[in-house]
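One structure is given here, and the rest of the page talks about it.
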Amino acid sequence: MGKNLFEKVWDEHSVATLSNGQTQVFIGTHLIHEVTSPQAFGMLRDLNLKVRHPERTFATVDHIVPTHSRVEPFEDKLADAMIKELRNSTQEFGIKMFDLYSGEQGIVHMVGPEQGITQPATTIACGDSHTATHGAFGAIAFGIGTSQVRDVLATQTMALSKLKVRRINVDGELQPGVYAKDVILHIIRVLGVNGGLGYAYEYGGSVFDRMNMEERMTVCNMSIEGGARCGYVNPDETTYKYLKGRPYSPKATDWDAAVARWKASASDKDCHYDDVVNIKAEDIEPTVTWGINPGQAIFVSESVPTVESSSEKEKENVALALKHMKLEPGSAIKGTKIDVAFFGSCTNGRLSDFEEAARYLKGKKVAAGVKAIAVPGSQLVGKACEEKGIDKIFEAAGFEWRAAGCSMCLAMNPDKLVGDQLCASTSNRNFIGRQGSPTGRTILMSPVMVVAAAITGQVSDAREVFGNVGHGAIAA
Amino acid sequence: MALEKITKISGKGVYVAGQDVDTDRIIPARYMKVVTFDGLGEFLFKDVRFDQNGNKTDHILNDPRYADASIMIVDSNFGCGSSREHAPQAIRRAGFNAIIGESFAEIFFGNSTTLGMPCIEASKEQIKEIAAAVSANPDTQIDIDVANDTVTVNGKTHKVSLKKTAKDALVNGMWDPIAELLEHDADISKTAKALPYI
Ligand code: SF4
């Protein structure tokens, strides 16, 4: 019997079996950022250890950088100190950093792919749970804690338990107005926020075959919201085409050898999966969350649940979610008034997200009273948007156009919700307090749906607002 | 690099009540902006220990009678929420050596074990009894036998449980994986050499 990609990559990177039964796994690429890594360098110094592979470690700043001003020192003294600390440590240990003035800074999960650092059939680790994003390239990518960041810095390995693999097939044609974001929100809704515990998700089927790399990243990004430690798509021509010619991609003669190796890493036709789930593309509609975890999602045409209609196990959570969200049980989600529109994050802050949304935003105005901010996920995305005039389309509509960073996705910088503001967001988490206010409310949706909400001032079906909306998964 | 073998833990306890205490409550996100974990202990339960004006609330951890407690007693699903290691770090650096609770969130449990701080699981009734003992007398001594799964309070020994992998790691001084990872230096080089992209 053949092997799936996870098994192949796992075997190739296994160093040893540890006394607790876990595997010591070699990490090909280590990505670090300013929030969870500075402490790890402190631990290294305490133990008098070195960075084993500084050339396989890459740093950037994203979580706490302000997006409205880039003048240093930053007003937030703590943020300023953390960024400086990362600069010092990367310099001390000889690690490449994509710093604020480089023109290449951005959310760590955008920088890796943009630079060609993220490659198929590799293992990647980063002190951030959305590291799963890199799985879009057929990499096995783990989000890790700070002690593990230390382990990887010191040994380029970490202790891991092997995961089971669940194949998720999405076959058929996506309806107009259904995007990658809807696909993953739907998968999480079907399998639950804990459905992926102990699993790596392998996404496949004709919908994924047709998706471009950015769409695949959107899906893999939110694997963690479905409880899976990582998610991936087998590499194919789309992957190779994306990587060719990027700064860290293999060059010249190495390229053909790399592609041959990547091809061979894809799951074999006759491989084993621990579980298989089949989803029909036609069944997916534009999806929005109504509650306080990403699994509490419904089609935009549906109504918010009631406590009574929920399963016994769910009742308590549903009640808490309805209360926090201040939503009328059983009411239509469509028409819910919004206060803020946030466009950005490592889920949907890429060029294709801005391009697609700009098509519909052009010539329109953000509804009175709605605060709308657009934050490119990286400086390169920002620059590309500016070259295409997309920033002007957003600004003319009434969006604030910001500098690259995580921004209001987790609000560790000055971009925060105030009071119980309700935010239509392209990000990935709708947890209580996630966007900076303990009473703030978040509704997750696709970029085009966020733009529709911004214009109408309420949760809306983009298909109704804009007429015929694009057709979801389009090949690059 | 030999680590301490953690077999027995003794000390005074404090009962921090509440179901589903999440990592945001244990340490609010804004205190994650630190360059080292050293001073995190002072932010433990910050938002419930202090009111908006910075005045101390009547939270149990502000009670001077529990100032030298080193074992925390909690309820169920303790440490749920984000994977931030800052939460167990804050507890550890506030001087705690063990937590006894009805149940723990998975990542929190793992992160705590890596710090050499066992999360011992006890039944609801046992928690009630131990909590009552320390509430009645803050000087009550608690003795945890990590290897044998027992907690002894006021002469009574409770059979409790600790996941085998965590127990093995603690009693064998292997709770921090860095020791073993470093030992395999030659194997690491071998694996790296076989990978064409390294
Ligand atoms: S954009 Fe949001 S989810 Fe992505 S890395 Fe930043 S904070 Fe995390």
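We name chains A, B, ... following the order of the structure tokens; residues begin at 1 in each chain, and ligands are numbered from 1 as shown.
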
I need the contact residues of chain B against chain A, so if you could list those with any atom within 10 Å, counting only C-alpha atoms, and return them as JSON, numbers by chain, that would help. {"B": [1, 24, 29, 30, 31, 32, 33, 34, 35, 36, 37, 38, 81, 82, 83, 84, 85, 86, 107, 111, 114, 115, 164, 165, 166, 167, 168, 169, 172, 174, 175, 176, 177, 178, 179, 180, 181, 182, 183, 184, 185, 186, 187, 188, 189, 190, 191, 192, 194, 195, 196, 197, 198]}

Quick check for you: according to DSSP on this backbone, which residues of stretch 122-169 of chain B are classed as strand (DSSP E)? Reply as a ChimeraX atom specification. /B:141-145,150-153,156-159

Take the residues from that selection and put them in a file with N, CA and C atoms, as a tab-separated table (two decimals), in the first residue's frame.
chain	number	residue	atom	x	y	z
B	141	GLN	N	-1.31	21.36	55.30
B	141	GLN	CA	-0.24	20.82	54.45
B	141	GLN	C	-0.81	19.82	53.45
B	142	ILE	N	-0.42	19.95	52.20
B	142	ILE	CA	-0.85	19.00	51.18
B	142	ILE	C	0.38	18.24	50.69
B	143	ASP	N	0.29	16.93	50.66
B	143	ASP	CA	1.41	16.11	50.19
B	143	ASP	C	0.99	15.35	48.93
B	144	ILE	N	1.67	15.63	47.84
B	144	ILE	CA	1.37	14.94	46.59
B	144	ILE	C	2.46	13.91	46.33
B	145	ASP	N	2.03	12.67	46.10
B	145	ASP	CA	2.97	11.64	45.69
B	145	ASP	C	2.74	11.42	44.20
B	150	THR	N	-1.24	9.85	44.61
B	150	THR	CA	-2.01	10.14	45.83
B	150	THR	C	-1.81	11.59	46.27
B	151	VAL	N	-2.83	12.09	46.94
B	151	VAL	CA	-2.77	13.40	47.58
B	151	VAL	C	-3.20	13.20	49.03
B	152	THR	N	-2.35	13.59	49.96
B	152	THR	CA	-2.69	13.40	51.37
B	152	THR	C	-2.92	14.75	52.04
B	153	VAL	N	-4.08	14.85	52.68
B	153	VAL	CA	-4.46	16.09	53.36
B	153	VAL	C	-5.05	15.72	54.71
B	156	LYS	N	-5.61	12.14	55.57
B	156	LYS	CA	-6.40	11.29	54.66
B	156	LYS	C	-5.74	11.25	53.29
B	157	THR	N	-5.57	10.05	52.76
B	157	THR	CA	-4.92	9.90	51.46
B	157	THR	C	-5.97	9.66	50.37
B	158	HIS	N	-5.95	10.54	49.36
B	158	HIS	CA	-6.89	10.41	48.25
B	158	HIS	C	-6.19	9.79	47.06
B	159	LYS	N	-6.85	8.82	46.44
B	159	LYS	CA	-6.30	8.25	45.20
B	159	LYS	C	-6.69	9.21	44.07

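Of note, atom CA of A:Gly335 and atom CA of A:Gly457 are spaced 8.5 Å apart.
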
Write out, as JSON lines, each residue of chain A that has an atom at most 8 Å from ligand 1, together with the closest pair of atoms and their distance in Å to one decimal, counting only C-alpha atoms and all ligand atoms, rows going by chain and rising number.
{"residue": "A:Asp62", "atom": "CA", "partner": "ligand 1", "partner_atom_place_in_ligand_line": "6 (Fe)", "distance": 6.5}
{"residue": "A:His63", "atom": "CA", "partner": "ligand 1", "partner_atom_place_in_ligand_line": "6 (Fe)", "distance": 5.4}
{"residue": "A:Ile107", "atom": "CA", "partner": "ligand 1", "partner_atom_place_in_ligand_line": "6 (Fe)", "distance": 5.9}
{"residue": "A:Val108", "atom": "CA", "partner": "ligand 1", "partner_atom_place_in_ligand_line": "5 (S)", "distance": 6.6}
{"residue": "A:His109", "atom": "CA", "partner": "ligand 1", "partner_atom_place_in_ligand_line": "5 (S)", "distance": 6.6}
{"residue": "A:Asp128", "atom": "CA", "partner": "ligand 1", "partner_atom_place_in_ligand_line": "5 (S)", "distance": 6.5}
{"residue": "A:Ser129", "atom": "CA", "partner": "ligand 1", "partner_atom_place_in_ligand_line": "8 (Fe)", "distance": 7.1}
{"residue": "A:His130", "atom": "CA", "partner": "ligand 1", "partner_atom_place_in_ligand_line": "3 (S)", "distance": 5.8}
{"residue": "A:Thr131", "atom": "CA", "partner": "ligand 1", "partner_atom_place_in_ligand_line": "5 (S)", "distance": 7.9}
{"residue": "A:Gly344", "atom": "CA", "partner": "ligand 1", "partner_atom_place_in_ligand_line": "1 (S)", "distance": 7.4}
{"residue": "A:Ser345", "atom": "CA", "partner": "ligand 1", "partner_atom_place_in_ligand_line": "1 (S)", "distance": 3.7}
{"residue": "A:Cys346", "atom": "CA", "partner": "ligand 1", "partner_atom_place_in_ligand_line": "4 (Fe)", "distance": 4.2}
{"residue": "A:Thr347", "atom": "CA", "partner": "ligand 1", "partner_atom_place_in_ligand_line": "4 (Fe)", "distance": 6.5}
{"residue": "A:Gly377", "atom": "CA", "partner": "ligand 1", "partner_atom_place_in_ligand_line": "1 (S)", "distance": 7.4}
{"residue": "A:Gly405", "atom": "CA", "partner": "ligand 1", "partner_atom_place_in_ligand_line": "6 (Fe)", "distance": 7.0}
{"residue": "A:Cys406", "atom": "CA", "partner": "ligand 1", "partner_atom_place_in_ligand_line": "6 (Fe)", "distance": 4.1}
{"residue": "A:Ser407", "atom": "CA", "partner": "ligand 1", "partner_atom_place_in_ligand_line": "1 (S)", "distance": 7.1}
{"residue": "A:Met408", "atom": "CA", "partner": "ligand 1", "partner_atom_place_in_ligand_line": "2 (Fe)", "distance": 7.8}
{"residue": "A:Cys409", "atom": "CA", "partner": "ligand 1", "partner_atom_place_in_ligand_line": "2 (Fe)", "distance": 4.5}
{"residue": "A:Leu410", "atom": "CA", "partner": "ligand 1", "partner_atom_place_in_ligand_line": "7 (S)", "distance": 5.0}
{"residue": "A:Ala411", "atom": "CA", "partner": "ligand 1", "partner_atom_place_in_ligand_line": "7 (S)", "distance": 7.8}
{"residue": "A:Ser427", "atom": "CA", "partner": "ligand 1", "partner_atom_place_in_ligand_line": "2 (Fe)", "distance": 6.6}
{"residue": "A:Asn428", "atom": "CA", "partner": "ligand 1", "partner_atom_place_in_ligand_line": "3 (S)", "distance": 6.2}
{"residue": "A:Arg429", "atom": "CA", "partner": "ligand 1", "partner_atom_place_in_ligand_line": "3 (S)", "distance": 7.4}

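Each of A:Ala396, A:Phe6, A:Lys383, A:Ser437 was checked against A:Gly231 using only C-alpha atoms; the smallest atom-to-atom distance is that of A:Phe6.
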
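Atom CA of A:Glu386 to atom CA of A:Arg70 spans 17.5 Å [interatomic distance, one decimal].
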
Give me, as a ChimeraX atom specification, all polymer residues having an atom no more than 9 Å from B:Arg25, counting only C-alpha atoms and skipping those fewer than 4 positions away in the same chain. /B:21,29,44-48,79,87

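Omitting A:Ile455 and its sequence neighbours fewer than 2 positions away, and counting only C-alpha atoms, the residues within 6 Å are Lys365, Val366, Ala367, Ala452, Ala453 and Gly457 of chain A.
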
Go ahead and save the residues from that selection, with all heavy atoms, as an mmCIF file, in the first residue's frame.
data_model
loop_
_atom_site.group_PDB
_atom_site.id
_atom_site.type_symbol
_atom_site.label_atom_id
_atom_site.label_comp_id
_atom_site.auth_asym_id
_atom_site.auth_seq_id
_atom_site.Cartn_x
_atom_site.Cartn_y
_atom_site.Cartn_z
ATOM 1 N N LYS A 365 -20.029 53.213 -1.564
ATOM 2 C CA LYS A 365 -19.636 53.901 -0.330
ATOM 3 C C LYS A 365 -19.966 53.045 0.894
ATOM 4 O O LYS A 365 -21.029 52.421 0.952
ATOM 5 C CB LYS A 365 -20.414 55.223 -0.209
ATOM 6 C CG LYS A 365 -19.928 56.302 -1.153
ATOM 7 C CD LYS A 365 -18.883 57.189 -0.466
ATOM 8 C CE LYS A 365 -18.387 58.296 -1.381
ATOM 9 N NZ LYS A 365 -17.132 57.992 -2.072
ATOM 10 N N VAL A 366 -19.070 53.067 1.854
ATOM 11 C CA VAL A 366 -19.319 52.411 3.136
ATOM 12 C C VAL A 366 -20.488 53.125 3.814
ATOM 13 O O VAL A 366 -20.565 54.352 3.792
ATOM 14 C CB VAL A 366 -18.048 52.486 4.014
ATOM 15 C CG1 VAL A 366 -18.339 52.050 5.441
ATOM 16 C CG2 VAL A 366 -16.934 51.626 3.408
ATOM 17 N N ALA A 367 -21.398 52.370 4.407
ATOM 18 C CA ALA A 367 -22.586 52.944 5.050
ATOM 19 C C ALA A 367 -22.194 53.918 6.152
ATOM 20 O O ALA A 367 -21.167 53.734 6.819
ATOM 21 C CB ALA A 367 -23.451 51.826 5.617
ATOM 22 N N ALA A 452 -19.790 43.687 1.282
ATOM 23 C CA ALA A 452 -21.247 43.862 1.176
ATOM 24 C C ALA A 452 -21.808 44.394 2.492
ATOM 25 O O ALA A 452 -22.675 45.275 2.505
ATOM 26 C CB ALA A 452 -21.916 42.534 0.811
ATOM 27 N N ALA A 453 -21.296 43.876 3.604
ATOM 28 C CA ALA A 453 -21.770 44.332 4.916
ATOM 29 C C ALA A 453 -21.365 45.781 5.166
ATOM 30 O O ALA A 453 -22.138 46.579 5.718
ATOM 31 C CB ALA A 453 -21.205 43.425 6.016
ATOM 32 N N GLY A 457 -24.152 48.324 5.732
ATOM 33 C CA GLY A 457 -24.226 48.563 7.175
ATOM 34 C C GLY A 457 -24.857 47.408 7.930
ATOM 35 O O GLY A 457 -25.183 47.522 9.109
#

Got a sec to tell me which of chain B DSSP assigns to helix (DSSP H, G or I), as a PyMOL selection string? chain B and resi 23-26+29-32+38-43+46-49+60-62+64-66+86-93+106-114+124-136+164-171+178-183+185-194

Identify, on the basis of only C-alpha atoms, every residue whose closest approach to B:Ser123 does not exceed 10 Å; exclude the query and any residue fewer than 4 positions from it along the same chain; express the result as an MDAnalysis selection string. chainID B and resid 75:76 100:103 127:129 158:161

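Using only C-alpha atoms, the nearest neighbour of A:Val370 within the list A:Asp339, A:Asp270, A:Asp275, A:Asp391 is A:Asp339.
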
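When atom CA of A:Phe394 is paired with atom CA of A:Cys423, their separation reads 17.4 Å.
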
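Comparing the minimum interatomic distances between A:Gly467 and each of A:Gly177, A:Asn88, A:Thr67, A:Ala139, counting only C-alpha atoms, we find that A:Gly177 sits nearest.
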
Within 8 Å of A:Val207, counting only C-alpha atoms, which residues qualify if same-chain residues fewer than 5 places away don't, as a PDB file with C-alpha atoms, in the first residue's frame?
ATOM      1  CA  VAL A 170     -14.868  18.727  -1.830  1.00  0.00           C
ATOM      2  CA  ASP A 171     -16.088  17.818  -5.295  1.00  0.00           C
ATOM      3  CA  GLY A 172     -18.284  19.551  -7.843  1.00  0.00           C
ATOM      4  CA  GLU A 173     -18.829  23.211  -8.684  1.00  0.00           C
ATOM      5  CA  LEU A 174     -19.000  25.970  -6.102  1.00  0.00           C
ATOM      6  CA  ALA A 281     -19.506  21.764  -3.460  1.00  0.00           C
ATOM      7  CA  ALA A 473     -12.625  28.855  -6.849  1.00  0.00           C
TER       8      ALA A 473
END

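Between B:Gln19 and the candidates B:Gly54, B:Gln89, B:Phe104, B:Arg49, the tightest atom-to-atom separation, counting only C-alpha atoms, involves B:Phe104.
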